[in-house]
$ cat final_17.pdb   # PDB, C-alpha atoms, pLDDT in the B column
ATOM      1  CA  MET A   2     -63.460 -21.024  13.794  1.00 94.00           C
ATOM      2  CA  LEU A   3     -62.496 -18.198  16.159  1.00 96.00           C
ATOM      3  CA  SER A   4     -65.906 -17.886  17.827  1.00 97.00           C
ATOM      4  CA  LYS A   5     -66.482 -19.602  21.131  1.00 97.00           C
ATOM      5  CA  SER A   6     -70.095 -18.427  21.473  1.00 98.00           C
ATOM      6  CA  HIS A   7     -70.991 -19.383  17.876  1.00 98.00           C
ATOM      7  CA  LYS A   8     -72.553 -15.933  17.526  1.00 98.00           C
ATOM      8  CA  LEU A   9     -71.163 -13.408  15.073  1.00 98.00           C
ATOM      9  CA  GLY A  10     -71.881  -9.708  14.721  1.00 98.00           C
ATOM     10  CA  VAL A  11     -72.317  -9.105  10.985  1.00 98.00           C
ATOM     11  CA  ILE A  12     -73.239  -5.507  10.185  1.00 98.00           C
ATOM     12  CA  GLY A  13     -73.880  -3.935   6.823  1.00 96.00           C
ATOM     13  CA  PRO A  14     -75.003  -0.491   5.711  1.00 97.00           C
ATOM     14  CA  ILE A  15     -77.759  -1.237   3.175  1.00 96.00           C
ATOM     15  CA  ALA A  16     -78.458  -4.632   1.599  1.00 96.00           C
ATOM     16  CA  VAL A  17     -77.155  -3.657  -1.863  1.00 96.00           C
ATOM     17  CA  GLY A  18     -74.051  -3.952  -4.044  1.00 92.00           C
ATOM     18  CA  ASP A  19     -70.678  -5.073  -2.812  1.00 90.00           C
ATOM     19  CA  ALA A  20     -71.692  -4.418   0.809  1.00 94.00           C
ATOM     20  CA  LYS A  21     -74.386  -7.104   0.551  1.00 96.00           C
ATOM     21  CA  LEU A  22     -72.076  -9.413  -1.387  1.00 93.00           C
ATOM     22  CA  TYR A  23     -69.481  -9.157   1.389  1.00 94.00           C
ATOM     23  CA  VAL A  24     -72.047  -9.752   4.143  1.00 97.00           C
ATOM     24  CA  ASP A  25     -73.580 -12.702   2.273  1.00 97.00           C
ATOM     25  CA  GLY A  26     -70.132 -14.164   1.600  1.00 94.00           C
ATOM     26  CA  PHE A  27     -69.023 -13.790   5.209  1.00 96.00           C
ATOM     27  CA  VAL A  28     -72.197 -15.496   6.461  1.00 97.00           C
ATOM     28  CA  ALA A  29     -71.849 -18.297   3.888  1.00 97.00           C
ATOM     29  CA  GLY A  30     -68.223 -18.829   4.899  1.00 95.00           C
ATOM     30  CA  ALA A  31     -69.105 -18.993   8.598  1.00 96.00           C
ATOM     31  CA  LYS A  32     -71.967 -21.419   7.919  1.00 97.00           C
ATOM     32  CA  SER A  33     -69.685 -23.605   5.798  1.00 95.00           C
ATOM     33  CA  ILE A  34     -67.683 -24.250   8.983  1.00 94.00           C
ATOM     34  CA  ASN A  35     -70.641 -24.431  11.379  1.00 96.00           C
ATOM     35  CA  PRO A  36     -74.119 -24.559   9.786  1.00 97.00           C
ATOM     36  CA  SER A  37     -75.801 -23.703  13.099  1.00 97.00           C
ATOM     37  CA  ILE A  38     -73.727 -20.572  13.800  1.00 97.00           C
ATOM     38  CA  ASP A  39     -75.745 -17.426  14.490  1.00 97.00           C
ATOM     39  CA  ALA A  40     -74.574 -14.994  11.814  1.00 96.00           C
ATOM     40  CA  THR A  41     -77.739 -13.075  11.029  1.00 94.00           C
ATOM     41  CA  PRO A  42     -76.820  -9.785   9.335  1.00 97.00           C
ATOM     42  CA  VAL A  43     -78.045  -6.450  10.636  1.00 97.00           C
ATOM     43  CA  TYR A  44     -78.252  -3.475   8.264  1.00 97.00           C
ATOM     44  CA  THR A  45     -78.009   0.051   9.647  1.00 97.00           C
ATOM     45  CA  GLY A  46     -79.594   1.775   6.650  1.00 97.00           C
ATOM     46  CA  SER A  47     -76.598   4.082   6.249  1.00 96.00           C
ATOM     47  CA  PHE A  48     -73.162   3.952   4.665  1.00 95.00           C
ATOM     48  CA  SER A  49     -71.876   6.831   6.775  1.00 96.00           C
ATOM     49  CA  ASP A  50     -73.495   6.780  10.222  1.00 97.00           C
ATOM     50  CA  VAL A  51     -70.676   5.721  12.540  1.00 97.00           C
ATOM     51  CA  SER A  52     -72.911   5.863  15.628  1.00 97.00           C
ATOM     52  CA  LEU A  53     -75.407   3.413  14.076  1.00 97.00           C
ATOM     53  CA  MET A  54     -72.590   1.018  13.213  1.00 97.00           C
ATOM     54  CA  LYS A  55     -71.255   1.283  16.770  1.00 98.00           C
ATOM     55  CA  ALA A  56     -74.724   0.749  18.249  1.00 98.00           C
ATOM     56  CA  SER A  57     -75.294  -2.299  16.040  1.00 98.00           C
ATOM     57  CA  ALA A  58     -71.942  -3.804  17.052  1.00 98.00           C
ATOM     58  CA  THR A  59     -72.666  -3.089  20.722  1.00 98.00           C
ATOM     59  CA  ALA A  60     -76.071  -4.790  20.402  1.00 98.00           C
ATOM     60  CA  ALA A  61     -74.459  -7.812  18.721  1.00 98.00           C
ATOM     61  CA  VAL A  62     -71.943  -8.126  21.551  1.00 98.00           C
ATOM     62  CA  SER A  63     -74.738  -7.838  24.129  1.00 98.00           C
ATOM     63  CA  ARG A  64     -76.428 -10.792  22.357  1.00 97.00           C
ATOM     64  CA  GLY A  65     -73.226 -12.809  22.777  1.00 98.00           C
ATOM     65  CA  ALA A  66     -71.332 -12.141  19.539  1.00 98.00           C
ATOM     66  CA  ASP A  67     -67.621 -12.661  20.053  1.00 98.00           C
ATOM     67  CA  VAL A  68     -66.458 -11.971  16.465  1.00 98.00           C
ATOM     68  CA  LEU A  69     -67.380  -8.851  14.476  1.00 98.00           C
ATOM     69  CA  THR A  70     -67.347  -7.747  10.862  1.00 98.00           C
ATOM     70  CA  GLY A  71     -68.965  -5.001   8.863  1.00 97.00           C
ATOM     71  CA  SER A  72     -68.964  -3.154   5.604  1.00 95.00           C
ATOM     72  CA  SER A  73     -69.004   0.540   4.657  1.00 94.00           C
ATOM     73  CA  GLN A  74     -67.246   3.734   5.576  1.00 93.00           C
ATOM     74  CA  SER A  75     -68.982   3.674   8.953  1.00 95.00           C
ATOM     75  CA  VAL A  76     -67.238   0.506  10.193  1.00 96.00           C
ATOM     76  CA  VAL A  77     -64.967   2.639  12.345  1.00 97.00           C
ATOM     77  CA  GLY A  78     -67.805   2.578  14.885  1.00 97.00           C
ATOM     78  CA  ALA A  79     -67.881  -1.230  14.965  1.00 98.00           C
ATOM     79  CA  ILE A  80     -64.096  -1.465  14.928  1.00 98.00           C
ATOM     80  CA  GLY A  81     -64.041   0.673  18.071  1.00 98.00           C
ATOM     81  CA  VAL A  82     -66.342  -1.858  19.762  1.00 98.00           C
ATOM     82  CA  ALA A  83     -64.088  -4.742  18.659  1.00 98.00           C
ATOM     83  CA  VAL A  84     -61.056  -2.952  20.121  1.00 98.00           C
ATOM     84  CA  ASP A  85     -62.842  -1.979  23.363  1.00 98.00           C
ATOM     85  CA  LYS A  86     -64.124  -5.535  23.900  1.00 98.00           C
ATOM     86  CA  ASN A  87     -60.925  -7.165  22.545  1.00 98.00           C
ATOM     87  CA  LEU A  88     -62.821  -9.153  19.900  1.00 98.00           C
ATOM     88  CA  PRO A  89     -61.641 -10.406  16.517  1.00 98.00           C
ATOM     89  CA  TRP A  90     -62.529  -8.115  13.611  1.00 98.00           C
ATOM     90  CA  PHE A  91     -62.721  -9.049   9.921  1.00 98.00           C
ATOM     91  CA  GLY A  92     -62.378  -6.138   7.516  1.00 96.00           C
ATOM     92  CA  THR A  93     -63.369  -5.540   3.945  1.00 94.00           C
ATOM     93  CA  GLN A  94     -62.366  -3.193   1.133  1.00 91.00           C
ATOM     94  CA  TRP A  95     -59.129  -2.126   2.837  1.00 92.00           C
ATOM     95  CA  SER A  96     -56.958  -3.252   5.726  1.00 94.00           C
ATOM     96  CA  GLN A  97     -58.228  -1.751   8.944  1.00 95.00           C
ATOM     97  CA  ALA A  98     -55.305  -3.056  11.003  1.00 96.00           C
ATOM     98  CA  SER A  99     -54.151   0.503  11.687  1.00 96.00           C
ATOM     99  CA  LEU A 100     -57.435   1.016  13.589  1.00 96.00           C
ATOM    100  CA  ALA A 101     -57.372  -2.382  15.301  1.00 97.00           C
ATOM    101  CA  PRO A 102     -53.752  -3.574  15.297  1.00 97.00           C
ATOM    102  CA  LYS A 103     -54.404  -6.497  17.652  1.00 97.00           C
ATOM    103  CA  ASN A 104     -57.987  -7.226  16.639  1.00 97.00           C
ATOM    104  CA  GLU A 105     -58.162  -7.301  12.869  1.00 98.00           C
ATOM    105  CA  VAL A 106     -57.708 -10.911  11.823  1.00 98.00           C
ATOM    106  CA  SER A 107     -57.736 -10.268   8.095  1.00 97.00           C
ATOM    107  CA  ALA A 108     -59.331  -8.117   5.455  1.00 97.00           C
ATOM    108  CA  GLN A 109     -60.627  -8.717   1.978  1.00 94.00           C
ATOM    109  CA  VAL A 110     -58.943  -5.887   0.098  1.00 95.00           C
ATOM    110  CA  TYR A 111     -59.426  -4.569  -3.400  1.00 94.00           C
ATOM    111  CA  ASP A 112     -56.551  -4.551  -5.852  1.00 95.00           C
ATOM    112  CA  TRP A 113     -57.540  -2.618  -8.956  1.00 94.00           C
ATOM    113  CA  THR A 114     -54.362  -3.599 -10.846  1.00 94.00           C
ATOM    114  CA  PRO A 115     -55.901  -6.405 -12.974  1.00 92.00           C
ATOM    115  CA  SER A 116     -58.783  -4.173 -14.102  1.00 94.00           C
ATOM    116  CA  LEU A 117     -56.511  -1.195 -14.767  1.00 95.00           C
ATOM    117  CA  ILE A 118     -54.221  -3.371 -16.898  1.00 94.00           C
ATOM    118  CA  GLN A 119     -57.243  -4.498 -18.938  1.00 94.00           C
ATOM    119  CA  ILE A 120     -58.396  -0.887 -19.343  1.00 95.00           C
ATOM    120  CA  ILE A 121     -54.951   0.284 -20.434  1.00 96.00           C
ATOM    121  CA  ASN A 122     -54.664  -2.592 -22.913  1.00 96.00           C
ATOM    122  CA  LEU A 123     -58.078  -1.722 -24.372  1.00 96.00           C
ATOM    123  CA  ILE A 124     -57.090   1.933 -24.712  1.00 96.00           C
ATOM    124  CA  HIS A 125     -53.919   0.890 -26.568  1.00 97.00           C
ATOM    125  CA  THR A 126     -56.068  -1.098 -29.029  1.00 96.00           C
ATOM    126  CA  GLY A 127     -58.350   1.897 -29.567  1.00 96.00           C
ATOM    127  CA  THR A 128     -61.266   0.680 -27.447  1.00 95.00           C
ATOM    128  CA  LEU A 129     -62.602   3.511 -25.317  1.00 94.00           C
ATOM    129  CA  GLY A 130     -65.396   2.514 -22.959  1.00 91.00           C
ATOM    130  CA  GLY A 131     -68.171   0.005 -23.399  1.00 91.00           C
ATOM    131  CA  ALA A 132     -66.628  -2.652 -21.163  1.00 91.00           C
ATOM    132  CA  SER A 133     -67.228  -3.754 -17.611  1.00 92.00           C
ATOM    133  CA  PHE A 134     -64.782  -5.522 -15.354  1.00 92.00           C
ATOM    134  CA  THR A 135     -65.180  -7.992 -12.544  1.00 90.00           C
ATOM    135  CA  ILE A 136     -62.740  -8.371  -9.698  1.00 90.00           C
ATOM    136  CA  SER A 137     -62.475 -11.559  -7.648  1.00 90.00           C
ATOM    137  CA  LEU A 138     -60.104 -13.613  -5.545  1.00 91.00           C
ATOM    138  CA  THR A 139     -59.511 -15.767  -8.614  1.00 92.00           C
ATOM    139  CA  ASN A 140     -58.299 -12.948 -10.871  1.00 92.00           C
ATOM    140  CA  GLY A 141     -56.372 -11.096  -8.160  1.00 93.00           C
ATOM    141  CA  GLY A 142     -58.741  -8.136  -8.006  1.00 94.00           C
ATOM    142  CA  GLU A 143     -59.497  -9.070  -4.420  1.00 94.00           C
ATOM    143  CA  LYS A 144     -57.013 -10.424  -1.924  1.00 95.00           C
ATOM    144  CA  ILE A 145     -57.146 -11.702   1.614  1.00 95.00           C
ATOM    145  CA  GLN A 146     -54.656  -9.742   3.674  1.00 96.00           C
ATOM    146  CA  TYR A 147     -53.787 -11.200   7.071  1.00 97.00           C
ATOM    147  CA  ASN A 148     -52.840  -8.879   9.913  1.00 97.00           C
ATOM    148  CA  SER A 149     -49.438  -9.884  11.307  1.00 95.00           C
ATOM    149  CA  GLY A 150     -50.426  -8.213  14.592  1.00 95.00           C
ATOM    150  CA  TYR A 151     -53.178 -10.772  15.208  1.00 96.00           C
ATOM    151  CA  ALA A 152     -52.132 -14.161  16.598  1.00 93.00           C
ATOM    152  CA  LEU A 153     -54.111 -16.310  14.150  1.00 94.00           C
ATOM    153  CA  PRO A 154     -53.708 -20.028  14.854  1.00 93.00           C
ATOM    154  CA  ALA A 155     -51.981 -21.830  11.977  1.00 93.00           C
ATOM    155  CA  ASP A 156     -54.795 -24.389  11.586  1.00 93.00           C
ATOM    156  CA  VAL A 157     -57.367 -21.606  11.209  1.00 93.00           C
ATOM    157  CA  LYS A 158     -55.251 -19.792   8.617  1.00 92.00           C
ATOM    158  CA  ALA A 159     -54.708 -23.045   6.700  1.00 91.00           C
ATOM    159  CA  LYS A 160     -58.471 -23.655   6.605  1.00 89.00           C
ATOM    160  CA  ALA A 161     -59.071 -20.092   5.422  1.00 85.00           C
TER     161      ALA A 161
END
$ encode --input "final_17.pdb" --output "structure tokens"
Amino acid sequence: MLSKSHKLGVIGPIAVGDAKLYVDGFVAGAKSINPSIDATPVYTGSFSDVSLMKASATAAVSRGADVLTGSSQSVVGAIGVAVDKNLPWFGTQWSQASLAPKNEVSAQVYDWTPSLIQIINLIHTGTLGGASFTISLTNGGEKIQYNSGYALPADVKAKA
């Protein structure tokens, strides 16, 4: 809803795990608003190469992307492009508003509290190990955190 060009820069490290889940979810969300939006993910092949993330974001902007997102430790490279070009940025795993105070729209952030409470309760009942835990928006293990420094239109936030 924030893109005027209908082209998004979606950059991931490697198409695996929660990085791929985030990228797939972001693309699905964008396409739920505009099925013809160009939100084809690009994967850098690295979780840590900041220069590859920056180059991928720069290439996306040169193709007309006017909204950026990415996943992994290397997103600082893409965030720098968003700040330099004054483009909206969507973060994941943690709030990146300190890196892009006027550009980060929101971030999907992890909150380990629900899982830790389950683990502690299991320990108290004598269960040690053997369990796996899933976090989600539904159970509070993931949250959408809006950046108060970004002027997000009320209608866009309501739709989100």
$ residues_around --input "final_17.pdb" --residues "Leu117 in chain A" --least-positions-apart "2" --cutoff "12 Å" --atoms "all atoms listed in the file" --output "PyMOL selection string"
chain A and resi 112-115+119-124+133-136+141-142
$ atom_distance --input "final_17.pdb" --atom1 "CA of Ala98 in chain A" --atom2 "CA of Asn148 in chain A"
6.4 Å
$ residues_near_point --input "final_17.pdb" --point "(-74.9, -5.3, 0.8)" --cutoff "12 Å" --atoms "only C-alpha atoms" --output "number ranges by chain"
A: 11-28, 42-48, 71-73, 93
$ resolve_selection --input "final_17.pdb" --expression "the PyMOL selection byres ((chain A and resi 52) around 12)" --output "VMD selection string"
chain A and resid 14 45 to 51 53 to 59 74 to 82
$ closest_residue --input "final_17.pdb" --among "A:Asn35, A:Asn87, A:Lys103, A:Tyr111" --to "Asn140 in chain A" --atoms "only C-alpha atoms"
A:Tyr111
$ closest_residue --input "final_17.pdb" --among "A:Asn104, A:Thr126, A:Ser137, A:Gln109" --to "Ala152 in chain A" --atoms "only C-alpha atoms"
A:Asn104
$ atom_distance --input "final_17.pdb" --atom1 "CA of Ala159 in chain A" --atom2 "CA of Arg64 in chain A"
29.4 Å
$ residues_near_point --input "final_17.pdb" --point "(-54.7, -21.6, 9.7)" --cutoff "12 Å" --atoms "only C-alpha atoms" --output "PyMOL selection string"
chain A and resi 2-3+106-107+147+152-161
$ resolve_selection --input "final_17.pdb" --expression "the PyMOL selection byres ((chain A and resi 10) around 6)" --output "PyMOL selection string"
chain A and resi 9+11+61+66+69
$ atom_distance --input "final_17.pdb" --atom1 "CA of Pro89 in chain A" --atom2 "CA of Val68 in chain A"
5.1 Å
$ closest_residue --input "final_17.pdb" --among "A:Gly131, A:Thr70, A:Thr139, A:Lys8" --to "Lys32 in chain A" --atoms "all atoms listed in the file"
A:Lys8
$ axis_aligned_box --input "final_17.pdb" --around "range 138-147 of chain A" --padding-each-side "4 Å" --output "JSON"
{"center_x": -56.9, "center_y": -12.0, "center_z": -1.9, "size_x": 14.3, "size_y": 15.6, "size_z": 25.9}
$ closest_residue --input "final_17.pdb" --among "A:Thr128, A:Ser116, A:Gln146, A:Thr41" --to "Trp95 in chain A" --atoms "only C-alpha atoms"
A:Gln146
$ closest_residue --input "final_17.pdb" --among "A:Gly127, A:Lys86, A:Ser63, A:Ser149" --to "Pro102 in chain A" --atoms "only C-alpha atoms"
A:Ser149
